[in-house]
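Student: Can you read through this structure? Questions will come right after.
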Amino acid sequence: MSPPQITVLGECVADAFTAPAPAGGELALRVLPGGGPANTAVALARLGTPARFLARLSGDVFGRLFRSHLAASGVDLSHAVQAAEPSTLAVAELDDRGQAAFSFHAQATADWQWTSAELAGVDLTGTACVHTGSLALVRDPGAAVVEDFLAAAAPRTTISIDPNVRPLLVRPEVYRARLAHWCGLADVLRLSEDDLDLLLPGTPPEQAGDTWHAAGTRLVVITRGAGGALASLDGEHVRVPAVATPVVDTVGAGDSFTAGLLHHLGTHGLLGGRLTDLRLADVEAACLFAVQVAALTCSVAGPNPPWQDQLGPLTTDAPAVRHLDSTH
């Protein structure tokens with residue numbers, strides 16, 4: 001089955017990676033197009049899912065880079081806004097495990113200035129899923145406009161949200177205050193272990209899943225880096241191991257996982273509604289595919305997700321483990 005269209009809404013950020021110059025006290029920056037939603041749109045398109053990206057793209061040097069990168073990956077930019085504001089810049093410093101710490105330059109930039117008029121003309125006919133998250137859901141003045149768009153889209157499409165908490169730019173309590181509302185809109189909630197620690201500190205993943213199910217989300221997936229992923233479907237759990245891979249860095253891995261998850265669900269005809277036909281075996285298969293996509297992203301520098309023809313035989317460190325007992 002051919003995958004249906006997925007519409008992604010959110011930011012595109014210039015990721016500037018630091019590289020100390022050999023002498024003179026200079027700091028060189030290598031700039032790559034990034035941003036969680038943009039990474040997910042690129043990964044979806046490269047996997048073969050028709051991906052449309054709703055973004056506000058500046059006309060500056062970074063905005064031109066974004067457009068070129070997205071178009072080259074096959075992302076539909078027909079509804080991208082030509083924004084007057086500058087692009088958002090994030091400076092990334094990698095640790096010895098390849099994990100990035102970001103500092104953001106995001107004041108009054110293009111990504112957060114959504115107006116109702118800019119989204120009013122978006123036709124969701126043919127769109128099976130709308131995916132969003134990250135800073136687009138919490139940065140004013142556009143955050144409320146994005147939430148309203150999701151609320152209007154929810155009766156017609158599957159809604160997927162990735163909180164992607166950025167505590168240096170937006171306080172975690174801002175995310176916590178909105179999370180129950182997002183769960184009332186979302187069918188899929190994908191987040192990382194780091195996100196979980198910031199949103200529900202000290203809460204076991206299974207208990208967190210039950211909290212978010214009670215708020216309305218049917219499928220919760222928590223990615224755990226080298227620990228694989230834990231998925232909860234209405235309280236029934238499956239753990240999927242990571243794919244063994246040499247790690248260059250982990251930038252964009254979670255975004256690629258989300259793309260792999262949604263691509264697999266879409267290809268199997270499971271997107272387009274409230275996931276009423278979804279079963280735990282479907283979730284397991286989608287997560288096994290998604291960890292492979294994430295692993296390939298980790299094996300190269302920056303947010304550079306794989307193309308469909310790069311996917312090979314799946315190699316995990318252990319079999320998936322199911323826990324079929326529901327706690328509610």
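Within each chain, counting starts at residue 1; across the structure tokens, chains are named A, B, ... in the order shown, with ligands numbered 1 upward in that order.
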Can you tell me, as a VMD selection string, what residues are no more than 7 Å from Leu191 of chain A when counting only C-alpha atoms, ignoring any on the same chain fewer than 2 positions away?

Tutor: chain A and resid 162 to 164 189 193 195 221 to 223

Student: Just asking: which residues within segment 105-293 of chain A are helix (DSSP H, G or I) according to DSSP, as a ChimeraX atom specification?

Tutor: /A:110-112,116-120,134-137,143-153,172-185,193-199,205-215,225-227,253-267,280-293

Student: Could you take the residues named above and write them with C-alpha atoms, as a CSV table (one decimal), in the first residue's frame?

Tutor:
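Result file result-v2.csv:
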chain,number,residue,atom,x,y,z
A,110,ALA,CA,10.1,33.6,11.7
A,111,ASP,CA,9.0,30.3,13.2
A,112,TRP,CA,6.8,31.6,16.0
A,116,SER,CA,-4.8,32.3,11.8
A,117,ALA,CA,-5.0,33.7,8.3
A,118,GLU,CA,-1.8,31.8,7.3
A,119,LEU,CA,-3.3,28.5,8.3
A,120,ALA,CA,-6.9,29.1,7.4
A,134,SER,CA,8.6,21.1,19.7
A,135,LEU,CA,8.8,24.9,20.1
A,136,ALA,CA,6.0,25.7,17.7
A,137,LEU,CA,3.5,24.6,20.4
A,143,ALA,CA,1.5,28.7,19.8
A,144,ALA,CA,-2.2,29.3,20.3
A,145,VAL,CA,-2.8,29.5,16.5
A,146,VAL,CA,-1.1,26.1,16.1
A,147,GLU,CA,-3.2,24.6,18.8
A,148,ASP,CA,-6.4,25.9,17.2
A,149,PHE,CA,-5.2,24.4,13.9
A,150,LEU,CA,-4.8,21.0,15.5
A,151,ALA,CA,-8.2,21.2,17.2
A,152,ALA,CA,-9.8,21.9,13.8
A,153,ALA,CA,-7.8,19.1,12.1
A,172,PRO,CA,9.4,23.0,31.4
A,173,GLU,CA,6.4,24.2,33.4
A,174,VAL,CA,5.1,25.8,30.2
A,175,TYR,CA,5.1,22.4,28.5
A,176,ARG,CA,3.6,20.8,31.6
A,177,ALA,CA,0.7,23.3,31.7
A,178,ARG,CA,-0.3,22.5,28.1
A,179,LEU,CA,0.4,18.8,28.0
A,180,ALA,CA,-3.0,17.5,29.1
A,181,HIS,CA,-4.6,19.7,26.4
A,182,TRP,CA,-2.2,18.3,23.8
A,183,CYS,CA,-3.0,14.8,24.8
A,184,GLY,CA,-6.7,15.6,24.4
A,185,LEU,CA,-5.9,16.4,20.8
A,193,GLU,CA,13.5,9.9,28.1
A,194,ASP,CA,14.9,13.4,28.6
A,195,ASP,CA,11.5,14.9,27.8
A,196,LEU,CA,9.9,12.5,30.3
A,197,ASP,CA,12.3,13.6,33.1
A,198,LEU,CA,11.4,17.2,32.5
A,199,LEU,CA,7.7,16.7,32.1
A,205,PRO,CA,7.6,5.4,31.8
A,206,GLU,CA,4.7,3.0,32.2
A,207,GLN,CA,3.0,5.2,34.8
A,208,ALA,CA,3.6,8.3,32.6
A,209,GLY,CA,2.0,6.5,29.7
A,210,ASP,CA,-1.1,5.7,31.8
A,211,THR,CA,-1.3,9.4,32.7
A,212,TRP,CA,-1.3,10.5,29.1
A,213,HIS,CA,-3.7,7.8,28.0
A,214,ALA,CA,-6.1,9.1,30.7
A,215,ALA,CA,-5.8,12.5,29.1
A,225,GLY,CA,18.5,6.1,23.0
A,226,ALA,CA,20.7,3.0,23.2
A,227,GLY,CA,17.9,1.5,25.4
A,253,ALA,CA,17.5,10.7,15.9
A,254,GLY,CA,14.2,11.2,17.7
A,255,ASP,CA,12.7,13.1,14.8
A,256,SER,CA,13.7,10.3,12.4
A,257,PHE,CA,12.2,7.7,14.8
A,258,THR,CA,8.9,9.6,14.7
A,259,ALA,CA,9.0,9.7,10.9
A,260,GLY,CA,9.7,5.9,10.8
A,261,LEU,CA,6.9,5.2,13.1
A,262,LEU,CA,4.4,7.3,11.2
A,263,HIS,CA,5.6,6.1,7.8
A,264,HIS,CA,5.2,2.5,8.8
A,265,LEU,CA,1.7,3.1,10.3
A,266,GLY,CA,0.7,5.0,7.1
A,267,THR,CA,2.0,2.3,4.8
A,280,LEU,CA,0.0,-4.0,19.8
A,281,ALA,CA,1.6,-6.1,17.0
A,282,ASP,CA,1.3,-3.1,14.6
A,283,VAL,CA,3.0,-0.9,17.2
A,284,GLU,CA,5.8,-3.3,17.6
A,285,ALA,CA,6.4,-3.6,13.9
A,286,ALA,CA,6.3,0.2,13.5
A,287,CYS,CA,8.8,0.7,16.4
A,288,LEU,CA,11.1,-1.9,15.0
A,289,PHE,CA,11.2,0.0,11.7
A,290,ALA,CA,11.6,3.3,13.5
A,291,VAL,CA,14.6,2.3,15.5
A,292,GLN,CA,16.3,1.3,12.3
A,293,VAL,CA,15.6,4.7,10.8

Student: Of the residues A:Ala294, A:Ala55, A:Leu278, A:Leu29, which is the one nearest to Ala83 of chain A, using only C-alpha atoms?

Tutor: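 Looking at the shortest contact to Ala83 of chain A, the residue is A:Ala55.
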
Student: Which residue gives the smallest distance to Pro204 of chain A among A:Ala301, A:Ala186, A:Leu230, A:Val165, with only C-alpha atoms counted?

Tutor: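 The answer is A:Leu230, which sits nearest to Pro204 of chain A.
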
Student: Of the candidates A:Ala41, A:Val251, A:Val75, A:Leu70, which shows the shortest atom-to-atom distance to Gly302 of chain A, using only C-alpha atoms?

Tutor: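 The shortest atom-to-atom distance to Gly302 of chain A comes from A:Val251.
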
Student: Restricting the calculation to only C-alpha atoms, which member of A:Gly312, A:Gly235, A:Gly202, A:Pro155 is positioned closest to Gly273 of chain A?

Tutor: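 Going through A:Gly312, A:Gly235, A:Gly202, A:Pro155 one by one, the smallest distance to Gly273 of chain A is for A:Pro155.
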
Student: Can you list, as number ranges by chain, every residue of segment 48-296 of chain A that DSSP puts in strand (DSSP E or B)?

Tutor: A: 51-54, 56-58, 76, 81-83, 88-94, 100-105, 127-133, 158-162, 188-192, 219-223, 229-233, 236-240, 243
